[in-house]
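What follows is the content of data11.cif (mmCIF, C-alpha atoms).
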```
data_start
loop_
_atom_site.label_atom_id
_atom_site.label_comp_id
_atom_site.auth_asym_id
_atom_site.auth_seq_id
_atom_site.Cartn_x
_atom_site.Cartn_y
_atom_site.Cartn_z
CA MET C 1 36.08 -35.06 98.49
CA GLU C 2 37.59 -38.55 98.30
CA LYS C 3 39.64 -39.99 101.14
CA LYS C 4 41.61 -43.21 101.05
CA PRO C 5 41.10 -45.57 103.99
CA GLY C 6 43.42 -44.72 106.82
CA ALA C 7 44.49 -41.39 105.31
CA LYS C 8 44.48 -38.21 107.36
CA VAL C 9 43.00 -34.90 106.27
CA VAL C 10 44.96 -31.96 107.67
CA GLY C 11 43.42 -28.54 108.27
CA SER C 12 45.14 -25.20 107.71
CA LEU C 13 46.65 -25.26 111.20
CA GLY C 14 48.16 -28.70 110.73
CA ARG C 15 45.69 -30.56 112.93
CA PRO C 16 44.57 -34.03 111.69
CA LEU C 17 40.84 -34.05 111.06
CA THR C 18 38.39 -36.81 110.29
CA GLN C 19 36.54 -36.60 106.97
CA ARG C 20 33.38 -35.49 108.74
CA ALA C 21 35.20 -32.84 110.73
CA HIS C 22 36.91 -31.63 107.56
CA LEU C 23 33.58 -31.23 105.78
CA GLN C 24 32.20 -29.32 108.75
CA TRP C 25 35.27 -27.06 108.73
CA ARG C 26 34.67 -26.38 105.05
CA LEU C 27 31.01 -25.45 105.37
CA ASP C 28 30.36 -24.11 108.84
CA MET C 29 32.31 -20.90 109.25
CA ARG C 30 30.55 -18.41 111.48
CA ALA C 31 29.89 -14.85 110.38
CA ILE C 32 27.65 -11.91 111.19
CA GLN C 33 25.53 -10.94 108.22
CA ILE C 34 22.73 -8.62 107.18
CA GLU C 35 20.30 -9.30 104.33
CA GLN C 36 18.65 -5.88 104.53
CA PHE C 37 19.47 -2.46 105.98
CA GLY C 38 17.75 -1.38 109.16
CA ASP C 39 17.79 -1.45 112.94
CA PRO C 40 20.82 -3.55 113.98
CA ALA C 41 18.72 -5.27 116.63
CA GLN C 42 16.39 -6.52 113.88
CA VAL C 43 18.63 -7.25 110.87
CA ILE C 44 21.92 -8.59 112.27
CA ARG C 45 22.19 -12.38 112.25
CA VAL C 46 24.89 -14.92 113.12
CA VAL C 47 25.04 -17.37 110.22
CA ASP C 48 27.11 -20.27 108.86
CA ILE C 49 28.75 -19.55 105.53
CA GLU C 50 31.14 -21.40 103.24
CA GLU C 51 34.86 -21.16 103.80
CA PRO C 52 36.82 -18.76 101.57
CA PRO C 53 38.77 -20.22 98.65
CA PRO C 54 42.54 -20.74 98.88
CA PRO C 55 44.53 -17.51 98.56
CA GLY C 56 45.66 -16.40 95.11
CA PRO C 57 49.27 -15.51 94.24
CA ARG C 58 49.18 -12.08 95.93
CA GLU C 59 46.66 -12.92 98.66
CA VAL C 60 46.64 -14.32 102.18
CA LEU C 61 44.12 -16.39 104.09
CA VAL C 62 43.66 -15.01 107.60
CA GLY C 63 41.77 -15.98 110.73
CA VAL C 64 40.16 -12.99 112.42
CA GLU C 65 40.96 -12.74 116.13
CA PHE C 66 39.28 -9.52 117.36
CA SER C 67 37.26 -6.78 115.69
CA PRO C 68 36.03 -3.57 117.31
CA LEU C 69 32.37 -2.67 117.15
CA ASN C 70 32.23 0.97 116.05
CA LYS C 71 29.50 3.51 115.49
CA HIS C 72 30.27 3.57 111.77
CA ASP C 73 29.64 -0.20 111.64
CA LEU C 74 26.10 0.45 112.84
CA LEU C 75 25.70 3.27 110.32
CA VAL C 76 26.57 0.82 107.54
CA VAL C 77 24.00 -1.65 108.93
CA LEU C 78 21.44 1.18 108.96
CA GLY C 79 22.33 2.06 105.37
CA MET C 80 23.30 5.59 106.36
CA LEU C 81 27.07 5.56 105.76
CA ALA C 82 27.22 3.27 102.74
CA ARG C 83 24.96 0.76 101.04
CA PRO C 84 27.12 -2.22 100.05
CA PRO C 85 25.60 -5.11 98.07
CA LEU C 86 23.47 -7.49 100.13
CA PRO C 87 23.87 -9.86 101.84
CA HIS C 88 26.70 -8.05 103.59
CA ILE C 89 29.17 -9.00 106.33
CA PRO C 90 30.00 -5.87 108.38
CA GLY C 91 33.18 -5.17 110.31
CA ALA C 92 35.34 -2.19 109.40
CA GLU C 93 38.56 -3.26 111.10
CA GLY C 94 40.27 -5.98 113.07
CA VAL C 95 43.39 -8.00 113.72
CA ALA C 96 43.91 -11.39 112.12
CA ARG C 97 46.44 -14.21 112.05
CA VAL C 98 47.93 -15.39 108.77
CA LEU C 99 46.84 -18.99 108.03
CA ALA C 100 48.17 -19.37 104.48
CA THR C 101 49.99 -17.23 101.93
CA GLY C 102 49.81 -17.07 98.14
CA SER C 103 52.72 -18.06 95.94
CA GLU C 104 53.94 -14.48 95.33
CA VAL C 105 53.62 -13.10 98.88
CA ASP C 106 56.85 -11.95 100.53
CA GLY C 107 57.44 -10.70 104.06
CA LEU C 108 54.57 -12.56 105.72
CA GLN C 109 54.58 -15.97 107.37
CA VAL C 110 51.92 -18.26 108.77
CA GLY C 111 51.24 -17.16 112.36
CA ASP C 112 51.95 -13.44 111.82
CA LEU C 113 49.42 -10.97 113.18
CA VAL C 114 48.23 -8.36 110.67
CA VAL C 115 45.81 -5.43 110.61
CA LEU C 116 42.91 -6.14 108.28
CA PRO C 117 42.31 -3.76 105.38
CA LEU C 118 39.55 -1.29 106.17
CA TYR C 119 36.01 -2.43 105.36
CA SER C 120 37.01 -5.97 104.45
CA GLY C 121 34.14 -7.49 106.45
CA ALA C 122 35.90 -8.49 109.64
CA TRP C 123 32.91 -10.11 111.37
CA ARG C 124 33.67 -13.60 110.05
CA GLU C 125 36.09 -16.24 111.21
CA ARG C 126 38.24 -16.42 108.08
CA LEU C 127 38.68 -14.50 104.84
CA VAL C 128 41.09 -13.95 101.99
CA VAL C 129 42.55 -10.44 101.62
CA PRO C 130 45.13 -8.80 99.32
CA ALA C 131 48.67 -8.98 100.68
CA ASP C 132 49.49 -5.43 99.52
CA GLY C 133 49.78 -3.17 102.55
CA LEU C 134 49.87 -6.00 105.09
CA PHE C 135 52.81 -6.28 107.46
CA ALA C 136 53.60 -8.39 110.51
CA LEU C 137 52.80 -6.55 113.73
CA PRO C 138 55.53 -6.36 116.41
CA ALA C 139 55.71 -9.48 118.54
CA GLY C 140 54.54 -9.22 122.12
CA GLY C 141 51.95 -6.49 121.66
CA ASP C 142 48.46 -6.66 123.14
CA ILE C 143 46.26 -8.35 120.53
CA GLU C 144 43.12 -6.52 121.67
CA GLN C 145 44.88 -3.17 121.27
CA TYR C 146 46.19 -4.23 117.87
CA SER C 147 42.60 -4.84 116.73
CA MET C 148 41.92 -1.10 117.00
CA LEU C 149 44.78 0.00 114.73
CA GLY C 150 42.82 0.00 111.48
CA SER C 151 40.46 2.94 111.92
CA ASN C 152 41.08 5.27 114.87
CA PRO C 153 44.83 5.90 114.50
CA PRO C 154 44.58 6.55 110.72
CA THR C 155 41.65 8.89 111.36
CA ALA C 156 43.72 10.85 113.87
CA GLY C 157 46.92 10.75 111.87
CA LEU C 158 45.38 11.82 108.58
CA MET C 159 43.44 14.67 110.18
CA LEU C 160 46.80 15.92 111.45
CA SER C 161 48.43 15.70 108.02
CA GLU C 162 45.77 16.12 105.33
CA CYS C 163 43.67 19.11 106.41
CA THR C 164 46.08 21.98 107.00
CA ARG C 165 49.82 22.39 107.19
CA LEU C 166 50.89 21.97 110.81
CA GLN C 167 54.30 23.02 112.10
CA PRO C 168 56.12 21.54 115.13
CA GLY C 169 54.94 23.44 118.18
CA ASP C 170 51.46 24.15 116.77
CA TRP C 171 48.48 23.34 118.98
CA VAL C 172 45.55 21.12 118.12
CA VAL C 173 42.32 21.20 120.11
CA GLN C 174 39.93 18.25 120.24
CA ASN C 175 36.79 17.26 122.10
CA ALA C 176 35.95 13.70 123.20
CA ALA C 177 39.68 13.37 123.93
CA ASN C 178 39.16 10.13 125.88
CA SER C 179 37.91 8.30 122.79
CA GLY C 180 39.95 5.94 120.66
CA VAL C 181 40.58 8.63 118.05
CA GLY C 182 41.30 11.14 120.82
CA ARG C 183 43.97 8.97 122.44
CA SER C 184 45.47 8.20 119.04
CA LEU C 185 45.63 11.91 118.23
CA ILE C 186 47.42 12.61 121.53
CA ALA C 187 50.03 9.94 120.81
CA LEU C 188 50.61 10.92 117.18
CA ALA C 189 50.71 14.64 117.90
CA LYS C 190 53.35 14.06 120.56
CA LEU C 191 55.34 11.89 118.14
CA ARG C 192 55.17 14.63 115.47
CA GLY C 193 56.11 17.51 117.74
CA LEU C 194 52.62 19.00 118.07
CA LYS C 195 50.81 20.02 121.26
CA THR C 196 47.26 19.09 122.19
CA ILE C 197 44.39 20.74 124.02
CA ASN C 198 42.01 18.02 125.12
CA LEU C 199 38.41 18.72 126.10
CA VAL C 200 36.61 15.99 128.04
CA ARG C 201 33.24 15.42 129.66
CA ASP C 202 34.54 15.53 133.25
CA ASP C 203 37.79 15.47 135.20
CA ALA C 204 37.87 11.68 135.74
CA THR C 205 40.41 11.12 132.97
CA PHE C 206 42.66 14.16 133.54
CA ALA C 207 45.55 12.23 135.09
CA GLU C 208 45.29 9.33 132.65
CA LEU C 209 45.32 11.54 129.54
CA THR C 210 48.16 13.65 130.92
CA ALA C 211 50.19 10.51 131.54
CA ALA C 212 49.45 9.49 127.93
CA GLY C 213 51.02 12.70 126.63
CA ALA C 214 48.22 15.29 126.61
CA ASP C 215 49.60 18.80 127.10
CA VAL C 216 46.41 20.49 128.35
CA VAL C 217 43.25 18.75 129.57
CA HIS C 218 40.12 20.71 130.46
CA VAL C 219 36.45 19.97 131.00
CA ASP C 220 34.47 20.83 127.87
CA ASP C 221 32.57 23.76 129.41
CA ASP C 222 32.11 27.52 129.05
CA ASP C 223 35.33 28.25 130.97
CA ALA C 224 37.51 26.26 128.59
CA VAL C 225 38.45 29.07 126.21
CA GLY C 226 39.55 31.52 128.90
CA ASP C 227 41.34 28.94 131.03
CA VAL C 228 43.20 27.35 128.13
CA ARG C 229 44.24 30.68 126.61
CA ALA C 230 45.55 31.72 130.02
CA ALA C 231 47.70 28.58 129.99
CA ILE C 232 49.02 28.71 126.41
CA GLY C 233 49.05 32.46 125.77
CA ASP C 234 48.80 33.52 122.14
CA ALA C 235 50.21 30.24 120.77
CA ARG C 236 48.87 29.19 117.37
CA VAL C 237 45.94 26.78 117.52
CA ALA C 238 45.80 25.66 113.92
CA LEU C 239 43.38 22.72 114.00
CA ALA C 240 40.21 21.83 115.89
CA VAL C 241 38.91 18.25 115.77
CA ASP C 242 35.25 17.67 116.59
CA SER C 243 33.34 14.43 117.15
CA VAL C 244 30.50 15.76 119.30
CA GLY C 245 28.66 18.44 117.32
CA GLY C 246 25.93 20.64 118.72
CA PRO C 247 26.68 23.85 120.61
CA GLY C 248 29.92 22.58 122.18
CA VAL C 249 31.84 23.42 119.01
CA ALA C 250 31.85 27.02 120.27
CA GLN C 251 34.75 26.21 122.62
CA GLN C 252 36.86 24.97 119.73
CA LEU C 253 36.02 27.94 117.52
CA GLY C 254 36.92 30.25 120.38
CA LEU C 255 40.35 28.64 120.71
CA LEU C 256 41.21 28.47 117.00
CA SER C 257 43.68 31.02 115.69
CA ASP C 258 43.18 33.06 112.53
CA GLY C 259 43.14 30.82 109.47
CA GLY C 260 42.48 27.70 111.53
CA TRP C 261 40.60 24.60 110.43
CA LEU C 262 37.64 22.91 112.11
CA VAL C 263 37.37 19.24 111.11
CA SER C 264 34.50 16.95 112.10
CA TYR C 265 34.75 13.15 111.79
CA SER C 266 31.74 12.03 113.85
CA TRP C 267 28.86 13.25 115.96
CA ALA C 268 27.61 12.30 119.39
CA ARG C 269 24.65 14.67 119.42
CA ASP C 270 21.63 14.21 117.17
CA GLU C 271 21.63 17.88 116.25
CA PRO C 272 23.55 20.05 113.79
CA MET C 273 26.93 21.53 114.59
CA TRP C 274 26.59 25.12 115.83
CA VAL C 275 29.03 27.36 113.99
CA ASP C 276 28.99 31.05 114.94
CA THR C 277 29.13 32.95 111.64
CA PRO C 278 30.84 36.12 113.00
CA ILE C 279 33.68 34.00 114.44
CA LEU C 280 33.84 31.95 111.23
CA VAL C 281 34.24 35.09 109.13
CA ALA C 282 36.46 37.10 111.48
CA LYS C 283 38.96 34.26 111.96
CA HIS C 284 38.88 33.04 108.33
CA ILE C 285 38.09 29.52 109.54
CA THR C 286 37.71 26.58 107.17
CA VAL C 287 35.21 23.84 108.11
CA ARG C 288 35.26 20.35 106.59
CA GLY C 289 34.06 16.82 107.22
CA PHE C 290 36.41 13.85 107.38
CA PHE C 291 36.04 10.13 106.66
CA VAL C 292 39.07 7.83 106.71
CA GLY C 293 37.48 5.56 104.14
CA ASP C 294 37.89 8.32 101.53
CA PHE C 295 41.68 7.91 101.58
CA ASP C 296 43.76 5.46 99.57
CA TYR C 297 44.39 2.58 101.92
CA ARG C 298 47.85 1.49 100.86
CA ASP C 299 49.35 4.94 100.25
CA LYS C 300 47.73 6.98 103.03
CA VAL C 301 46.24 4.72 105.71
CA VAL C 302 48.86 1.97 105.98
CA PRO C 303 51.77 4.41 106.64
CA VAL C 304 49.91 5.75 109.70
CA ILE C 305 49.26 2.22 110.95
CA ARG C 306 52.97 1.48 110.59
CA GLU C 307 53.77 4.69 112.49
CA VAL C 308 51.45 3.83 115.35
CA ALA C 309 52.04 0.08 115.69
CA PRO C 310 55.24 0.48 117.79
CA LEU C 311 53.38 2.83 120.15
CA VAL C 312 50.75 0.15 120.72
CA ALA C 313 53.41 -2.54 121.07
CA ASP C 314 55.24 -0.69 123.85
CA GLY C 315 52.06 0.48 125.60
CA SER C 316 52.46 4.19 124.78
CA LEU C 317 49.04 4.10 123.12
CA ALA C 318 46.28 2.11 124.81
CA VAL C 319 42.52 2.47 124.61
CA PRO C 320 40.46 1.14 127.55
CA VAL C 321 38.18 -1.73 126.49
CA ALA C 322 34.78 -1.75 128.15
CA ALA C 323 33.78 -5.30 127.17
CA VAL C 324 34.56 -8.20 124.84
CA TYR C 325 31.78 -10.34 123.33
CA PRO C 326 31.81 -13.52 121.22
CA LEU C 327 30.11 -13.36 117.81
CA GLU C 328 26.96 -15.06 119.04
CA GLN C 329 26.39 -12.24 121.54
CA ILE C 330 26.38 -9.50 118.89
CA SER C 331 23.01 -8.15 120.11
CA ASP C 332 24.40 -7.59 123.61
CA ALA C 333 27.52 -6.02 122.10
CA VAL C 334 25.42 -3.52 120.13
CA GLN C 335 23.46 -2.53 123.21
CA ASN C 336 26.68 -2.03 125.17
CA LEU C 337 28.13 0.12 122.39
CA LEU C 338 25.07 2.37 122.49
CA ARG C 339 25.63 2.85 126.23
CA GLY C 340 29.22 3.97 125.58
CA GLY C 341 32.71 2.53 125.77
CA LYS C 342 34.96 0.58 123.43
CA ILE C 343 33.47 -2.82 122.57
CA LEU C 344 35.34 -5.68 120.90
CA LEU C 345 34.09 -8.83 119.20
CA LYS C 346 36.13 -11.97 119.80
CA VAL C 347 35.74 -13.51 116.38
CA ALA C 348 37.99 -16.58 116.61
CA GLY C 349 36.17 -19.65 117.88
#
```
Translate this structure into structure tokens?
Amino acid sequence: MEKKPGAKVVGSLGRPLTQRAHLQWRLDMRAIQIEQFGDPAQVIRVVDIEEPPPPGPREVLVGVEFSPLNKHDLLVVLGMLARPPLPHIPGAEGVARVLATGSEVDGLQVGDLVVLPLYSGAWRERLVVPADGLFALPAGGDIEQYSMLGSNPPTAGLMLSECTRLQPGDWVVQNAANSGVGRSLIALAKLRGLKTINLVRDDATFAELTAAGADVVHVDDDDAVGDVRAAIGDARVALAVDSVGGPGVAQQLGLLSDGGWLVSYSWARDEPMWVDTPILVAKHITVRGFFVGDFDYRDKVVPVIREVAPLVADGSLAVPVAAVYPLEQISDAVQNLLRGGKILLKVAG
């Protein structure tokens, strides 16, 4: 790069930079990267990589603000969920600020906050992404909460719409109701006229989930089926959503009505799901797995994000954050995730 004496070089945010600072900005962008699959504690590294190129006509350059650390991120690092080409920058979701727009991009301006496309590699400071499907998030919303819009709400919303036909007034039962997907499902079900039965580990979150719109909250124990049925009578429970696995699925099977669906999107137990065959046959239950990454992003995922964004903006949907870590503390963040709780990476420097 040539620079005339006395001239100023201006970065993407309009700040004057010296030539040396400009060169550093061009070459020293931080990212989290893996060069092989394996134990996250062994293979994850914080590295310096080159800046992305300028955005093309239908692209935007964004600066990543926050990105959640999810279990499926670790499964990608382990090579169990997918095996992308190496070296690979993980990060399934996040919220970013628009830094520059391509010549044919409409509806977005520099400074807008946007939800990153799923699996775009959010654990880097800047990247170029397609503008299709991006929209400016409502002003004034909590940026940390916005960072969790990309995966959990679409998972919840698409399980409610893509597995079985649900009618207003139908009931949906879920375990791990205090999770990010669980809270998203409560909010979306309420918005769509559905009712929720929410099974949780203990009674510590009863009041909080009820205030968030849960219709029934019960400890996930052997009394759940009888107690819940006493409360809802013979109402139709059309869908059960599982993210725990193991023997606890029995409570959900016991609550499902004839012709109901059991859908599993994750697992907390390192053991197979227990499905009682006589109940499966007698109730004509359908069992399927679910992965949000299987759905077309622009046509299926983005509409749910648009549906949920106002709920996050006005505080109707909020997921408690256990801790926030900078990129360089990724090892501590992984250990905290394994202990439980929602963990965020603060990507922006």
- Picked residues, the PyMOL selection byres ((chain C and resi 136-152) around 6), expected as number ranges by chain: C: 66-67, 93-95, 112-114, 135, 153-155, 180-181, 313
- Of the residues C:Ser331, C:Thr210, C:Leu160, C:Ala224, which is the one nearest to C:Gly193, using only C-alpha atoms?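 Looking at the shortest contact to C:Gly193, the residue is C:Leu160.
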- Message: Take the PyMOL selection byres ((chain C and resi 284) around 12), run it mentally on this structure, and tell me the resulting residues as an MDAnalysis selection string.
- Response: chainID C and resid 238 253 256:262 277:283 285:287
- Query: Applied to this file, what does the PyMOL selection byres ((chain C and resi 55) around 12) return in terms of residues, put as a list of chain:residue names?
  - Reply: C:Ser12, C:Glu51, C:Pro52, C:Pro53, C:Pro54, C:Gly56, C:Pro57, C:Arg58, C:Glu59, C:Val60, C:Leu61, C:Val62, C:Val98, C:Leu99, C:Ala100, C:Thr101, C:Gly102, C:Ser103, C:Glu104, C:Val105, C:Arg126, C:Leu127, C:Val128, C:Val129, C:Pro130, C:Ala131
- Go through C:Asp106, C:Glu35, C:Asp48, C:Glu162 and flag the residue nearest C:Leu327, using all atoms listed in the file for the distances. C:Asp48
- Item | Exercise: C:Ser184 partners within 10 Å, only C-alpha atoms, chain neighbours under 6 positions left out, as number ranges by chain | C: 149, 152-157, 177-178, 190, 212, 308, 311-312, 316-319
- Message: Counting all atoms listed in the file, which residue out of C:Arg165, C:Lys300, C:Arg45, C:His72 sits closest to C:Leu239?
- Response: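 For C:Leu239, the nearest of the candidates is C:Arg165.
Taking atom CA of C:Val249 and atom CA of C:Ile305 as the two end points, the separation is 28.6 Å.
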At a cut-off of 9 Å around the point (35.2, -7.2, 105.6) (file coordinates), what residues fall inside when counting all atoms listed in the file? I'd like the answer as a CSV table (one decimal) with C-alpha atoms, in the coordinates of the input.
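Now in part-v6.csv:
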```csv
chain,number,residue,atom,x,y,z
C,88,HIS,CA,26.7,-8.0,103.6
C,89,ILE,CA,29.2,-9.0,106.3
C,90,PRO,CA,30.0,-5.9,108.4
C,91,GLY,CA,33.2,-5.2,110.3
C,92,ALA,CA,35.3,-2.2,109.4
C,93,GLU,CA,38.6,-3.3,111.1
C,116,LEU,CA,42.9,-6.1,108.3
C,117,PRO,CA,42.3,-3.8,105.4
C,118,LEU,CA,39.6,-1.3,106.2
C,119,TYR,CA,36.0,-2.4,105.4
C,120,SER,CA,37.0,-6.0,104.4
C,121,GLY,CA,34.1,-7.5,106.4
C,122,ALA,CA,35.9,-8.5,109.6
C,123,TRP,CA,32.9,-10.1,111.4
C,124,ARG,CA,33.7,-13.6,110.0
C,127,LEU,CA,38.7,-14.5,104.8
C,129,VAL,CA,42.6,-10.4,101.6
```
- Task: Provide the atom CA of C:Gln252 to atom CA of C:Ala240 distance in Å, to one decimal place.
- Result: 6.0 Å
Neighbour list for C:Leu255 as a tab-separated table (two decimals) with C-alpha atoms, in the coordinates of the input, cut-off 8 Å, all atoms listed in the file, skip fewer than 5 positions in-chain:
```tsv
chain	number	residue	atom	x	y	z
C	173	VAL	CA	42.32	21.20	120.11
C	225	VAL	CA	38.45	29.07	126.21
C	229	ARG	CA	44.24	30.68	126.61
C	237	VAL	CA	45.94	26.78	117.52
```
Please return the centre and edge lengths, in Å to one decimal, of a box with edges along x, y and z that contains all listed atoms of stretch 261-267 of chain C, widened by 3 Å on every side, as lines of an AutoDock Vina configuration file.
```
center_x = 34.7
center_y = 18.3
center_z = 113.2
size_x = 17.7
size_y = 18.6
size_z = 11.5
```
- Task: Compare C:Ala309, C:Leu191, C:Leu81, C:Ala333 by their minimum atom-to-atom distance to C:Ser266, counting all atoms listed in the file, and give me the closest one.
- Result: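 The shortest atom-to-atom distance to C:Ser266 comes from C:Leu81.
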- What is the atom CA of C:Leu69-atom CA of C:Gln174 distance in Å, reported with one decimal? 22.5 Å
- Query: Which of these, C:Ile232, C:Val43, C:Leu188, C:Val217, has the shortest distance to C:Arg201 once you count all atoms listed in the file?
  - Reply: C:Val217
- Message: Would you pick out the contacts of C:Trp274 at 9 Å or less, using only C-alpha atoms, so that residues sharing its chain but fewer than 3 positions from it are not included, and give the list as a PyMOL selection string?
- Response: chain C and resi 245-250+271
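For the residues C:Leu134, C:Ala82, C:Val172, C:Ala211, ranking by smallest atom-to-atom distance to C:Asn198 using only C-alpha atoms places C:Val172 first.
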- Polymer residues at most 12 Å from (26.9, -5.8, 120.3) by all atoms listed in the file, as a ChimeraX atom specification: /C:32,40-41,44-46,67-71,73-74,91,123,322-346
Kindly output stretch 171-188 of chain C as a short mmCIF file (atom, residue, chain, number, x, y, z; two decimals), in the coordinates of the input, after building N, CA and C atoms.
```
data_model
loop_
_atom_site.label_atom_id
_atom_site.label_comp_id
_atom_site.auth_asym_id
_atom_site.auth_seq_id
_atom_site.Cartn_x
_atom_site.Cartn_y
_atom_site.Cartn_z
N TRP C 171 49.45 23.97 118.08
CA TRP C 171 48.48 23.34 118.98
C TRP C 171 47.29 22.82 118.19
N VAL C 172 46.77 21.71 118.66
CA VAL C 172 45.55 21.12 118.12
C VAL C 172 44.58 20.95 119.27
N VAL C 173 43.33 21.37 119.08
CA VAL C 173 42.32 21.20 120.11
C VAL C 173 41.32 20.15 119.65
N GLN C 174 40.92 19.28 120.57
CA GLN C 174 39.93 18.25 120.24
C GLN C 174 38.96 18.07 121.40
N ASN C 175 37.73 17.70 121.07
CA ASN C 175 36.79 17.26 122.10
C ASN C 175 36.73 15.74 122.10
N ALA C 176 36.01 15.16 123.05
CA ALA C 176 35.95 13.70 123.20
C ALA C 176 37.36 13.11 123.21
N ALA C 177 38.26 13.75 123.95
CA ALA C 177 39.68 13.37 123.93
C ALA C 177 39.93 11.99 124.52
N ASN C 178 38.97 11.45 125.27
CA ASN C 178 39.16 10.13 125.88
C ASN C 178 38.77 9.00 124.94
N SER C 179 38.32 9.33 123.75
CA SER C 179 37.91 8.30 122.79
C SER C 179 39.13 7.64 122.16
N GLY C 180 38.86 6.60 121.35
CA GLY C 180 39.95 5.94 120.66
C GLY C 180 40.68 6.86 119.71
N VAL C 181 39.94 7.65 118.94
CA VAL C 181 40.58 8.63 118.05
C VAL C 181 41.31 9.68 118.88
N GLY C 182 40.69 10.12 119.98
CA GLY C 182 41.30 11.14 120.82
C GLY C 182 42.64 10.70 121.39
N ARG C 183 42.70 9.48 121.89
CA ARG C 183 43.97 8.97 122.44
C ARG C 183 45.00 8.77 121.33
N SER C 184 44.55 8.34 120.16
CA SER C 184 45.47 8.20 119.04
C SER C 184 46.03 9.56 118.61
N LEU C 185 45.17 10.57 118.62
CA LEU C 185 45.63 11.91 118.23
C LEU C 185 46.66 12.44 119.23
N ILE C 186 46.44 12.19 120.51
CA ILE C 186 47.42 12.61 121.53
C ILE C 186 48.78 11.98 121.25
N ALA C 187 48.78 10.66 121.01
CA ALA C 187 50.03 9.94 120.81
C ALA C 187 50.74 10.38 119.54
N LEU C 188 49.99 10.54 118.45
CA LEU C 188 50.61 10.92 117.18
C LEU C 188 51.07 12.37 117.19
#
```
